[in-house]
>>> print(open('protein.cif').read())   # mmCIF, C-alpha atoms
data_upload
loop_
_atom_site.label_atom_id
_atom_site.label_comp_id
_atom_site.auth_asym_id
_atom_site.auth_seq_id
_atom_site.Cartn_x
_atom_site.Cartn_y
_atom_site.Cartn_z
CA MET L 1351 25.11 12.85 18.76
CA GLY L 1352 26.05 13.82 15.20
CA SER L 1353 23.11 16.22 15.02
CA LEU L 1354 24.00 17.74 18.38
CA ARG L 1355 27.54 18.35 17.12
CA ALA L 1356 26.10 19.94 13.99
CA ILE L 1357 24.07 22.38 16.09
CA LEU L 1358 27.10 23.19 18.26
CA LYS L 1359 29.18 23.78 15.14
CA HIS L 1360 26.44 25.85 13.50
CA PRO L 1361 24.43 27.40 16.37
CA ASP L 1362 22.69 29.77 13.97
CA ASP L 1363 20.97 26.70 12.49
CA LEU L 1364 18.92 26.37 15.67
CA TYR L 1365 16.39 29.15 15.06
CA PRO L 1366 15.46 28.09 11.50
CA LEU L 1367 15.32 24.46 12.66
CA VAL L 1368 12.82 25.35 15.36
CA LYS L 1369 10.81 27.46 12.89
CA LEU L 1370 10.77 24.53 10.48
CA LYS L 1371 9.55 22.20 13.22
CA ILE L 1372 6.78 24.58 14.25
CA ALA L 1373 5.76 25.04 10.61
CA ALA L 1374 5.66 21.26 10.13
CA ARG L 1375 3.40 20.82 13.15
CA HIS L 1376 1.16 23.63 11.94
CA ALA L 1377 0.92 22.01 8.51
CA GLU L 1378 -0.08 18.70 10.08
CA LYS L 1379 -2.98 20.47 11.80
CA GLN L 1380 -4.28 21.76 8.46
CA ILE L 1381 -5.23 18.28 7.20
CA PRO L 1382 -8.84 18.41 5.86
CA PRO L 1383 -11.56 16.49 7.72
CA GLU L 1384 -12.97 14.63 4.67
CA PRO L 1385 -11.63 11.04 4.69
CA HIS L 1386 -10.23 11.07 1.14
CA TRP L 1387 -8.59 14.48 1.48
CA GLY L 1388 -7.39 13.59 4.97
CA PHE L 1389 -5.72 10.47 3.56
CA CYS L 1390 -4.10 12.44 0.73
CA TYR L 1391 -2.57 15.15 2.91
CA THR L 1392 -1.54 12.67 5.62
CA MET L 1393 0.16 10.56 2.96
CA LEU L 1394 1.82 13.65 1.51
CA HIS L 1395 3.43 14.36 4.89
CA LYS L 1396 4.65 10.76 5.09
CA VAL L 1397 6.21 10.53 1.63
CA SER L 1398 7.71 14.04 1.56
CA ARG L 1399 7.76 16.30 4.61
CA SER L 1400 9.67 19.08 2.89
CA PHE L 1401 7.30 19.07 -0.11
CA ALA L 1402 4.30 19.03 2.23
CA LEU L 1403 5.64 22.15 3.97
CA VAL L 1404 6.15 24.14 0.79
CA ILE L 1405 2.84 23.09 -0.76
CA GLN L 1406 0.90 24.47 2.21
CA GLN L 1407 1.67 28.02 1.04
CA LEU L 1408 -0.30 27.61 -2.19
CA ASP L 1409 -3.92 28.74 -2.48
CA THR L 1410 -6.43 26.00 -1.68
CA ASP L 1411 -7.52 24.96 -5.18
CA LEU L 1412 -3.98 24.90 -6.56
CA ARG L 1413 -2.68 23.24 -3.38
CA ASP L 1414 -5.20 20.42 -3.75
CA ALA L 1415 -4.33 19.93 -7.43
CA VAL L 1416 -0.57 19.86 -6.77
CA CYS L 1417 -1.08 17.46 -3.83
CA ILE L 1418 -3.02 15.01 -6.02
CA PHE L 1419 -0.59 15.42 -8.91
CA TYR L 1420 2.30 14.59 -6.59
CA LEU L 1421 0.60 11.53 -5.08
CA VAL L 1422 -0.45 10.19 -8.49
CA LEU L 1423 3.12 10.43 -9.75
CA ARG L 1424 4.50 8.92 -6.52
CA ALA L 1425 2.13 5.99 -7.05
CA LEU L 1426 3.25 5.64 -10.66
CA ASP L 1427 6.87 5.83 -9.50
CA THR L 1428 6.18 3.15 -6.88
CA VAL L 1429 5.07 0.74 -9.61
CA GLU L 1430 8.16 1.54 -11.68
CA ASP L 1431 10.53 1.22 -8.71
CA ASP L 1432 9.23 -2.13 -7.45
CA THR L 1433 11.75 -4.53 -8.98
CA SER L 1434 9.76 -7.54 -7.73
CA ILE L 1435 6.95 -6.90 -10.25
CA ALA L 1436 7.36 -8.93 -13.45
CA THR L 1437 7.80 -6.86 -16.60
CA ASP L 1438 4.73 -8.37 -18.30
CA VAL L 1439 2.67 -7.18 -15.31
CA LYS L 1440 4.35 -3.82 -14.75
CA VAL L 1441 4.27 -2.45 -18.31
CA PRO L 1442 0.46 -2.68 -18.80
CA ILE L 1443 -0.11 -1.01 -15.42
CA LEU L 1444 2.19 1.88 -16.30
CA MET L 1445 0.56 2.30 -19.71
CA ALA L 1446 -2.99 2.33 -18.30
CA PHE L 1447 -2.34 4.22 -15.05
CA HIS L 1448 -3.94 7.47 -16.28
CA ARG L 1449 -7.25 5.66 -16.80
CA HIS L 1450 -7.29 4.37 -13.22
CA LEU L 1451 -7.57 7.96 -11.97
CA TYR L 1452 -11.28 7.84 -12.88
CA ASP L 1453 -11.88 4.53 -11.10
CA ARG L 1454 -12.76 5.01 -7.42
CA GLU L 1455 -12.26 1.30 -6.76
CA TRP L 1456 -8.86 0.67 -8.37
CA HIS L 1457 -5.78 -0.19 -6.31
CA PHE L 1458 -2.68 -2.31 -6.81
CA SER L 1459 -0.58 -3.75 -4.01
CA CYS L 1460 3.14 -3.04 -4.41
CA GLY L 1461 5.92 -1.01 -2.84
CA ALA L 1462 6.85 -0.94 0.83
CA LYS L 1463 5.99 0.97 4.00
CA GLU L 1464 4.06 4.20 3.33
CA TYR L 1465 4.19 3.60 -0.42
CA LYS L 1466 2.38 0.29 0.01
CA VAL L 1467 -0.32 2.11 1.98
CA LEU L 1468 -0.61 4.67 -0.83
CA MET L 1469 -1.07 1.90 -3.41
CA ASP L 1470 -3.43 -0.21 -1.28
CA GLU L 1471 -5.70 2.77 -0.63
CA PHE L 1472 -5.31 4.56 -3.94
CA HIS L 1473 -9.10 4.90 -4.18
CA HIS L 1474 -8.82 7.88 -1.82
CA VAL L 1475 -6.53 9.62 -4.33
CA SER L 1476 -8.92 8.85 -7.19
CA THR L 1477 -11.87 10.20 -5.20
CA ALA L 1478 -10.02 13.44 -4.50
CA PHE L 1479 -8.86 13.68 -8.14
CA LEU L 1480 -12.49 13.54 -9.32
CA GLU L 1481 -13.31 16.59 -7.18
CA LEU L 1482 -10.70 18.81 -8.88
CA GLU L 1483 -11.60 21.34 -11.54
CA ARG L 1484 -11.66 19.84 -15.02
CA SER L 1485 -8.65 21.90 -16.19
CA TYR L 1486 -6.56 20.41 -13.38
CA GLN L 1487 -7.80 16.89 -14.13
CA GLU L 1488 -6.87 17.19 -17.80
CA ALA L 1489 -3.35 18.37 -16.99
CA ILE L 1490 -2.78 15.56 -14.47
CA GLU L 1491 -4.22 12.89 -16.76
CA ASP L 1492 -2.10 14.02 -19.73
CA ILE L 1493 1.18 14.02 -17.81
CA THR L 1494 0.37 10.69 -16.12
CA MET L 1495 -0.32 9.09 -19.51
CA ARG L 1496 2.91 10.41 -21.03
CA MET L 1497 4.99 9.51 -18.00
CA GLY L 1498 3.59 6.00 -17.75
CA ALA L 1499 4.38 5.37 -21.42
CA GLY L 1500 7.90 6.69 -20.97
CA MET L 1501 8.52 4.59 -17.88
CA ALA L 1502 7.24 1.51 -19.73
CA LYS L 1503 9.65 2.23 -22.57
CA PHE L 1504 12.64 2.28 -20.23
CA ILE L 1505 11.56 -0.88 -18.40
CA CYS L 1506 12.64 -2.63 -21.59
CA LYS L 1507 15.52 -0.33 -22.49
CA GLU L 1508 18.76 0.56 -20.70
CA VAL L 1509 20.15 4.05 -20.42
CA GLU L 1510 23.01 3.81 -22.89
CA THR L 1511 23.73 7.31 -24.20
CA THR L 1512 23.43 10.79 -22.69
CA ASP L 1513 20.49 11.30 -25.06
CA ASP L 1514 18.83 8.24 -23.48
CA TYR L 1515 19.60 9.74 -20.07
CA ASP L 1516 17.94 13.03 -20.99
CA GLU L 1517 14.96 11.17 -22.45
CA TYR L 1518 14.52 9.02 -19.34
CA CYS L 1519 14.80 12.06 -17.06
CA HIS L 1520 12.28 13.87 -19.26
CA TYR L 1521 9.74 11.10 -18.76
CA VAL L 1522 10.16 10.80 -15.00
CA ALA L 1523 10.85 14.44 -14.07
CA GLY L 1524 10.78 16.82 -17.03
CA LEU L 1525 7.11 15.97 -17.47
CA VAL L 1526 6.58 16.88 -13.81
CA GLY L 1527 7.90 20.34 -14.65
CA LEU L 1528 5.57 20.56 -17.65
CA GLY L 1529 2.63 19.37 -15.54
CA LEU L 1530 3.26 21.85 -12.75
CA SER L 1531 3.52 24.67 -15.30
CA LYS L 1532 0.13 23.59 -16.68
CA LEU L 1533 -1.38 23.60 -13.18
CA PHE L 1534 0.06 27.05 -12.41
CA HIS L 1535 -1.36 28.34 -15.70
CA ALA L 1536 -4.75 26.72 -15.08
CA SER L 1537 -4.91 28.52 -11.73
CA GLY L 1538 -4.61 31.83 -13.57
CA LYS L 1539 -1.57 32.85 -11.54
CA GLU L 1540 1.21 32.28 -14.10
CA ASP L 1541 1.83 32.42 -17.82
CA LEU L 1542 2.65 29.16 -19.58
CA PRO L 1543 6.45 29.06 -20.05
CA PRO L 1544 8.30 27.33 -22.91
CA ASP L 1545 8.38 23.54 -22.46
CA THR L 1546 12.19 23.58 -22.63
CA LEU L 1547 12.39 25.64 -19.44
CA SER L 1548 9.83 23.50 -17.58
CA ASN L 1549 11.68 20.38 -18.72
CA SER L 1550 15.02 21.69 -17.44
CA MET L 1551 13.52 22.37 -14.01
CA GLY L 1552 12.65 18.69 -13.75
CA LEU L 1553 15.87 17.37 -15.29
CA PHE L 1554 18.05 19.35 -12.89
CA LEU L 1555 16.28 17.86 -9.87
CA GLN L 1556 16.16 14.33 -11.28
CA LYS L 1557 19.81 14.22 -12.29
CA THR L 1558 20.78 15.44 -8.83
CA ASN L 1559 18.76 12.63 -7.25
CA ILE L 1560 20.24 10.02 -9.60
CA ILE L 1561 23.77 11.16 -8.70
CA ARG L 1562 23.09 11.27 -4.95
CA ASP L 1563 21.25 7.92 -4.88
CA TYR L 1564 23.87 5.85 -6.74
CA LEU L 1565 24.57 3.47 -3.85
CA GLU L 1566 20.91 2.97 -2.90
CA ASP L 1567 19.94 2.23 -6.51
CA ILE L 1568 22.87 -0.08 -7.28
CA ASN L 1569 22.20 -2.11 -4.11
CA GLU L 1570 18.45 -2.42 -4.77
CA ILE L 1571 17.08 -5.92 -4.07
CA PRO L 1572 16.17 -8.13 -5.91
CA LYS L 1573 17.56 -6.19 -8.89
CA SER L 1574 19.82 -3.16 -9.23
CA ARG L 1575 18.38 0.04 -10.67
CA MET L 1576 20.88 1.67 -13.04
CA PHE L 1577 20.27 5.15 -14.40
CA TRP L 1578 23.80 6.48 -14.95
CA PRO L 1579 24.35 6.46 -18.75
CA ARG L 1580 26.82 3.93 -20.10
CA GLN L 1581 28.28 6.64 -22.35
CA ILE L 1582 29.63 8.32 -19.21
CA TRP L 1583 30.47 5.49 -16.81
CA SER L 1584 32.09 3.24 -19.42
CA LYS L 1585 34.91 5.79 -19.72
CA TYR L 1586 35.95 4.87 -16.18
CA VAL L 1587 34.93 1.27 -15.36
CA ASN L 1588 33.75 -1.92 -17.09
CA LYS L 1589 30.53 -2.24 -15.06
CA LEU L 1590 28.51 0.44 -13.29
CA GLU L 1591 28.62 -1.45 -9.99
CA ASP L 1592 32.44 -1.34 -10.07
CA LEU L 1593 32.28 2.31 -9.01
CA LYS L 1594 31.40 1.33 -5.45
CA TYR L 1595 34.55 -0.73 -4.90
CA GLU L 1596 37.40 0.91 -3.04
CA GLU L 1597 40.04 -0.05 -5.60
CA ASN L 1598 38.20 2.09 -8.15
CA SER L 1599 37.92 5.19 -5.96
CA VAL L 1600 39.86 7.53 -8.26
CA LYS L 1601 37.90 6.51 -11.35
CA ALA L 1602 34.64 6.61 -9.37
CA VAL L 1603 35.18 10.23 -8.34
CA GLN L 1604 36.10 11.20 -11.90
CA CYS L 1605 32.90 9.57 -13.15
CA LEU L 1606 30.90 11.31 -10.43
CA ASN L 1607 32.35 14.67 -11.45
CA ASP L 1608 31.43 13.93 -15.06
CA MET L 1609 27.83 13.29 -13.98
CA VAL L 1610 27.68 16.50 -11.94
CA THR L 1611 29.04 18.47 -14.90
CA ASN L 1612 26.31 16.98 -17.07
CA ALA L 1613 23.63 18.14 -14.60
CA LEU L 1614 24.94 21.72 -14.48
CA ILE L 1615 23.89 22.32 -18.09
CA HIS L 1616 20.26 22.74 -16.95
CA VAL L 1617 20.89 25.54 -14.44
CA GLU L 1618 20.64 28.42 -16.91
CA ASP L 1619 17.14 27.33 -18.01
CA SER L 1620 16.07 26.81 -14.41
CA LEU L 1621 17.10 30.34 -13.46
CA LYS L 1622 15.19 31.72 -16.46
CA TYR L 1623 12.09 29.79 -15.44
CA MET L 1624 12.15 31.02 -11.85
CA SER L 1625 12.87 34.63 -12.80
CA ALA L 1626 9.59 34.74 -14.77
CA LEU L 1627 7.35 33.58 -11.91
CA ARG L 1628 4.98 36.20 -10.45
CA ASP L 1629 3.16 34.53 -7.57
CA PRO L 1630 5.27 34.51 -4.35
CA ALA L 1631 3.96 31.14 -3.12
CA ILE L 1632 4.50 29.44 -6.48
CA PHE L 1633 7.96 31.00 -6.63
CA ARG L 1634 8.99 29.56 -3.26
CA PHE L 1635 7.44 26.21 -4.17
CA CYS L 1636 9.68 26.06 -7.27
CA ALA L 1637 12.81 27.77 -5.94
CA ILE L 1638 13.48 25.85 -2.73
CA PRO L 1639 13.99 22.42 -4.40
CA GLN L 1640 16.24 23.99 -7.05
CA ILE L 1641 18.47 25.55 -4.40
CA MET L 1642 18.58 22.23 -2.56
CA ALA L 1643 19.67 20.58 -5.81
CA ILE L 1644 22.62 22.90 -6.49
CA GLY L 1645 23.59 22.57 -2.82
CA THR L 1646 23.50 18.78 -3.06
CA LEU L 1647 25.64 18.80 -6.21
CA ALA L 1648 28.17 21.02 -4.46
CA LEU L 1649 28.39 18.43 -1.66
CA CYS L 1650 28.53 15.44 -4.01
CA TYR L 1651 31.18 16.81 -6.36
CA ASN L 1652 34.59 15.15 -5.85
CA ASN L 1653 33.15 13.29 -2.84
CA ILE L 1654 33.89 9.56 -2.59
CA GLN L 1655 31.20 9.26 0.11
CA VAL L 1656 28.58 9.15 -2.65
CA PHE L 1657 29.80 5.56 -3.21
CA ARG L 1658 30.01 4.73 0.51
CA GLY L 1659 26.83 6.08 2.09
CA VAL L 1660 24.39 9.00 2.12
CA VAL L 1661 25.46 12.51 1.14
CA LYS L 1662 22.99 15.29 1.81
CA MET L 1663 22.81 18.84 3.10
CA ARG L 1664 22.70 19.14 6.86
CA ARG L 1665 19.20 19.70 8.19
CA GLY L 1666 20.06 23.11 9.62
CA LEU L 1667 21.17 24.42 6.24
CA THR L 1668 18.02 23.00 4.65
CA ALA L 1669 15.97 24.86 7.26
CA LYS L 1670 17.80 28.07 6.40
CA VAL L 1671 17.07 27.65 2.70
CA ILE L 1672 13.36 27.12 3.43
CA ASP L 1673 13.26 30.07 5.83
CA ARG L 1674 15.22 32.59 3.75
CA THR L 1675 14.16 31.90 0.16
CA LYS L 1676 11.68 34.63 -0.67
CA THR L 1677 12.83 36.45 -3.81
CA MET L 1678 14.83 35.85 -6.97
CA SER L 1679 17.69 37.73 -5.33
CA ASP L 1680 17.85 34.95 -2.74
CA VAL L 1681 17.98 32.36 -5.52
CA TYR L 1682 20.78 34.15 -7.38
CA GLY L 1683 22.70 34.48 -4.11
CA ASP L 1684 22.39 30.83 -3.15
CA PHE L 1685 23.23 29.57 -6.65
CA TYR L 1686 26.24 31.88 -6.65
CA ASP L 1687 27.46 30.64 -3.28
CA PHE L 1688 26.96 26.94 -3.99
CA SER L 1689 28.56 27.31 -7.43
CA ARG L 1690 31.58 28.99 -5.84
CA LEU L 1691 31.76 26.14 -3.32
CA LEU L 1692 31.62 23.59 -6.12
CA LYS L 1693 34.22 25.46 -8.18
CA SER L 1694 36.61 25.49 -5.21
CA LYS L 1695 36.55 21.67 -5.28
CA VAL L 1696 37.46 21.32 -8.96
CA ASP L 1697 40.90 19.75 -9.41
CA ASP L 1698 42.65 20.75 -12.62
CA SER L 1699 43.76 17.14 -13.05
CA ASP L 1700 40.14 15.98 -13.36
CA PRO L 1701 39.38 14.91 -16.97
CA ASN L 1702 36.36 17.25 -17.10
CA ALA L 1703 37.79 20.16 -15.12
CA LYS L 1704 37.77 22.58 -18.05
CA ILE L 1705 34.13 22.06 -19.02
CA THR L 1706 33.05 21.95 -15.36
CA LYS L 1707 34.64 25.35 -14.75
CA GLU L 1708 33.10 26.76 -17.93
CA ARG L 1709 29.61 25.71 -16.88
CA LEU L 1710 30.13 27.05 -13.37
CA GLU L 1711 31.43 30.36 -14.71
CA THR L 1712 28.28 30.68 -16.85
CA ILE L 1713 26.16 30.26 -13.71
CA LEU L 1714 28.30 32.67 -11.70
CA LYS L 1715 28.11 35.28 -14.47
CA ILE L 1716 24.30 35.08 -14.60
CA CYS L 1717 24.14 35.55 -10.84
CA ARG L 1718 26.61 38.46 -10.89
CA ASN L 1719 24.76 40.15 -13.75
CA SER L 1720 21.51 39.99 -11.78
CA GLY L 1721 22.80 42.82 -9.58
CA SER L 1722 21.49 41.03 -6.50
CA LEU L 1723 24.67 39.77 -4.85
CA ASN L 1724 25.62 42.94 -2.98
CA LYS L 1725 22.19 43.09 -1.33
CA ARG L 1726 22.53 39.97 0.78
CA LYS L 1727 24.70 38.37 3.42
CA SER L 1728 25.77 34.82 2.62
CA TYR L 1729 24.90 32.08 5.08
CA ILE L 1730 26.50 29.38 2.92
CA ILE L 1731 30.11 30.48 2.45
CA ARG L 1732 31.82 32.23 5.33
CA SER L 1733 34.53 31.65 7.89
CA GLU L 1734 33.69 29.28 10.68
CA PRO L 1735 32.53 31.15 13.81
CA ARG L 1736 34.15 30.50 17.14
CA TYR L 1737 31.98 30.10 20.20
CA ASN L 1738 33.20 30.03 23.76
CA SER L 1739 31.71 28.01 26.59
CA THR L 1740 29.47 30.88 27.69
CA MET L 1741 27.89 31.09 24.26
CA ILE L 1742 27.30 27.34 24.23
CA VAL L 1743 25.54 27.53 27.61
CA ILE L 1744 23.32 30.35 26.35
CA ILE L 1745 22.44 28.31 23.30
CA PHE L 1746 21.38 25.36 25.43
CA ILE L 1747 19.27 27.60 27.67
CA ILE L 1748 17.49 28.95 24.60
CA LEU L 1749 17.09 25.41 23.29
CA ALA L 1750 15.58 24.25 26.60
CA ILE L 1751 13.07 27.11 26.58
CA LEU L 1752 12.07 26.37 23.00
CA LEU L 1753 11.72 22.66 23.67
CA ALA L 1754 9.60 23.37 26.74
CA TYR L 1755 7.30 25.46 24.56
CA LEU L 1756 7.12 22.85 21.83
CA SER L 1757 6.55 19.95 24.21
CA ALA L 1758 3.20 21.31 25.33
CA THR L 1759 1.48 18.72 23.16
CA ARG L 1760 4.23 16.20 22.52
CA PRO L 1761 6.86 14.37 24.63
CA ARG L 1762 10.17 16.20 24.76
CA LEU L 1763 12.24 13.22 23.65
CA VAL L 1764 10.25 12.83 20.44
CA LEU L 1765 10.61 16.54 19.71
CA TRP L 1766 14.33 16.50 20.31
CA LYS L 1767 14.78 13.52 18.01
CA SER L 1768 12.65 15.04 15.27
CA LEU L 1769 14.53 18.33 15.53
CA CYS L 1770 17.92 16.70 15.25
CA HIS L 1771 17.28 14.03 12.62
#
>>> encode(input="protein.cif", output="structure tokens")
Amino acid sequence: MGSLRAILKHPDDLYPLVKLKIAARHAEKQIPPEPHWGFCYTMLHKVSRSFALVIQQLDTDLRDAVCIFYLVLRALDTVEDDTSIATDVKVPILMAFHRHLYDREWHFSCGAKEYKVLMDEFHHVSTAFLELERSYQEAIEDITMRMGAGMAKFICKEVETTDDYDEYCHYVAGLVGLGLSKLFHASGKEDLPPDTLSNSMGLFLQKTNIIRDYLEDINEIPKSRMFWPRQIWSKYVNKLEDLKYEENSVKAVQCLNDMVTNALIHVEDSLKYMSALRDPAIFRFCAIPQIMAIGTLALCYNNIQVFRGVVKMRRGLTAKVIDRTKTMSDVYGDFYDFSRLLKSKVDDSDPNAKITKERLETILKICRNSGSLNKRKSYIIRSEPRYNSTMIVIIFIILAILLAYLSATRPRLVLWKSLCH
């Protein structure tokens, strides 16, 4: 019922939600017939539906390379994340993972659910990898080797300082940015940007995920996963897990705001990176996750629910971002709106209020100076619309017609659930 209420509260979410659903079904039909490629694209849809949607826009050769790159790194991440694997087993696997890409027989059982399937049948990924152009293979192998070594380093080392935090995020996400830039360049569609910009693209996304996923990581069984740097959290509590206890709510929110402020430092580089992209499909591929990240930070900031449950953008707003992000003007507009939303939540009594506002003002100034803001109508910040009973009835009639169309090949109940969840 929560999703139904969301649609009633934001009826204009309905059209982009339906478009997103149709696009997802279309993407599922584009899965190649070859067994190894079929496995790879099917697995891509299972481990990341939103990523699978955006990747479909890329030209075939680049799309295949990015798909394999993503699955290889998800597999590497699955090994790192599995806290049941002994360190003396895990570290050698991480260090040698790049060599397994050339072995059509290699697999390693770990992870859970779809990730276990990915690891058990990794030979399909290796087979597909070996069919890529050599320039793509070299880029993927290089990043996999560097990331595996970095992950292995932090298996035996805690994130103590903010420099450690940046280094860890570089290994697990900044290198993804560098790798994608190499793939874009190898395709001939983009120039190779400075590594600092590619790195910031990854760090901004990773730090957002680390902030959002605090509760899931701290409650990991059999062992907690702790990525928040001690240099930050020790200013507020004695142990990182203390942030989730109700008696520490005030300190927890202050620590959270400190973490968000730390993440904002990467936005300027991210905007520079995106503004230099030429290919429309590559641009959307890069821009949509970045907008989702600033939107997520705006929701997380000053929000105690980060320590109580899941905080994420409503699905309708996500659908709007995917549907409406086409140019750099859209990016500037969305970053401006979400930064304004975040700034409106800053309490002057917060220990980091001054620096938070300074970083937000830097972002807002970049967006204003782009000259793009007067060319768009915001769908993020505006007064809540009021809808009478007649309008609600009309909305449900439209919804029924759309569902009838969509249910031609699938049961209506399944479609309704997938649309609303």
>>> atom_distance(input="protein.cif", atom1="CA of Met1497 (chain L)", atom2="CA of Tyr1521 (chain L)")
5.1 Å
>>> atom_distance(input="protein.cif", atom1="CA of Ile1381 (chain L)", atom2="CA of Ala1425 (chain L)")
20.2 Å
>>> resolve_selection(input="protein.cif", expression="the PyMOL selection byres ((chain L and resi 1530-1535) around 8)", output="PyMOL selection string")
chain L and resi 1412+1415-1416+1486+1489+1526-1529+1536-1543+1548+1632
>>> write_last_selection(input="protein.cif", atoms="C-alpha atoms", output="tab-separated table (two decimals), in the coordinates of the input")
chain	number	residue	atom	x	y	z
L	1412	LEU	CA	-3.98	24.90	-6.56
L	1415	ALA	CA	-4.33	19.93	-7.43
L	1416	VAL	CA	-0.57	19.86	-6.77
L	1486	TYR	CA	-6.56	20.41	-13.38
L	1489	ALA	CA	-3.35	18.37	-16.99
L	1526	VAL	CA	6.58	16.88	-13.81
L	1527	GLY	CA	7.90	20.34	-14.65
L	1528	LEU	CA	5.57	20.56	-17.65
L	1529	GLY	CA	2.63	19.37	-15.54
L	1536	ALA	CA	-4.75	26.72	-15.08
L	1537	SER	CA	-4.91	28.52	-11.73
L	1538	GLY	CA	-4.61	31.83	-13.57
L	1539	LYS	CA	-1.57	32.85	-11.54
L	1540	GLU	CA	1.21	32.28	-14.10
L	1541	ASP	CA	1.83	32.42	-17.82
L	1542	LEU	CA	2.65	29.16	-19.58
L	1543	PRO	CA	6.45	29.06	-20.05
L	1548	SER	CA	9.83	23.50	-17.58
L	1632	ILE	CA	4.50	29.44	-6.48
>>> closest_residue(input="protein.cif", among="L:Val1429, L:Ile1615, L:Val1600, L:Leu1593", to="Thr1558 (chain L)", atoms="all atoms listed in the file")
L:Ile1615
>>> closest_residue(input="protein.cif", among="L:Ser1689, L:Thr1392, L:Gln1640, L:Ser1720", to="Glu1708 (chain L)", atoms="only C-alpha atoms")
L:Ser1689
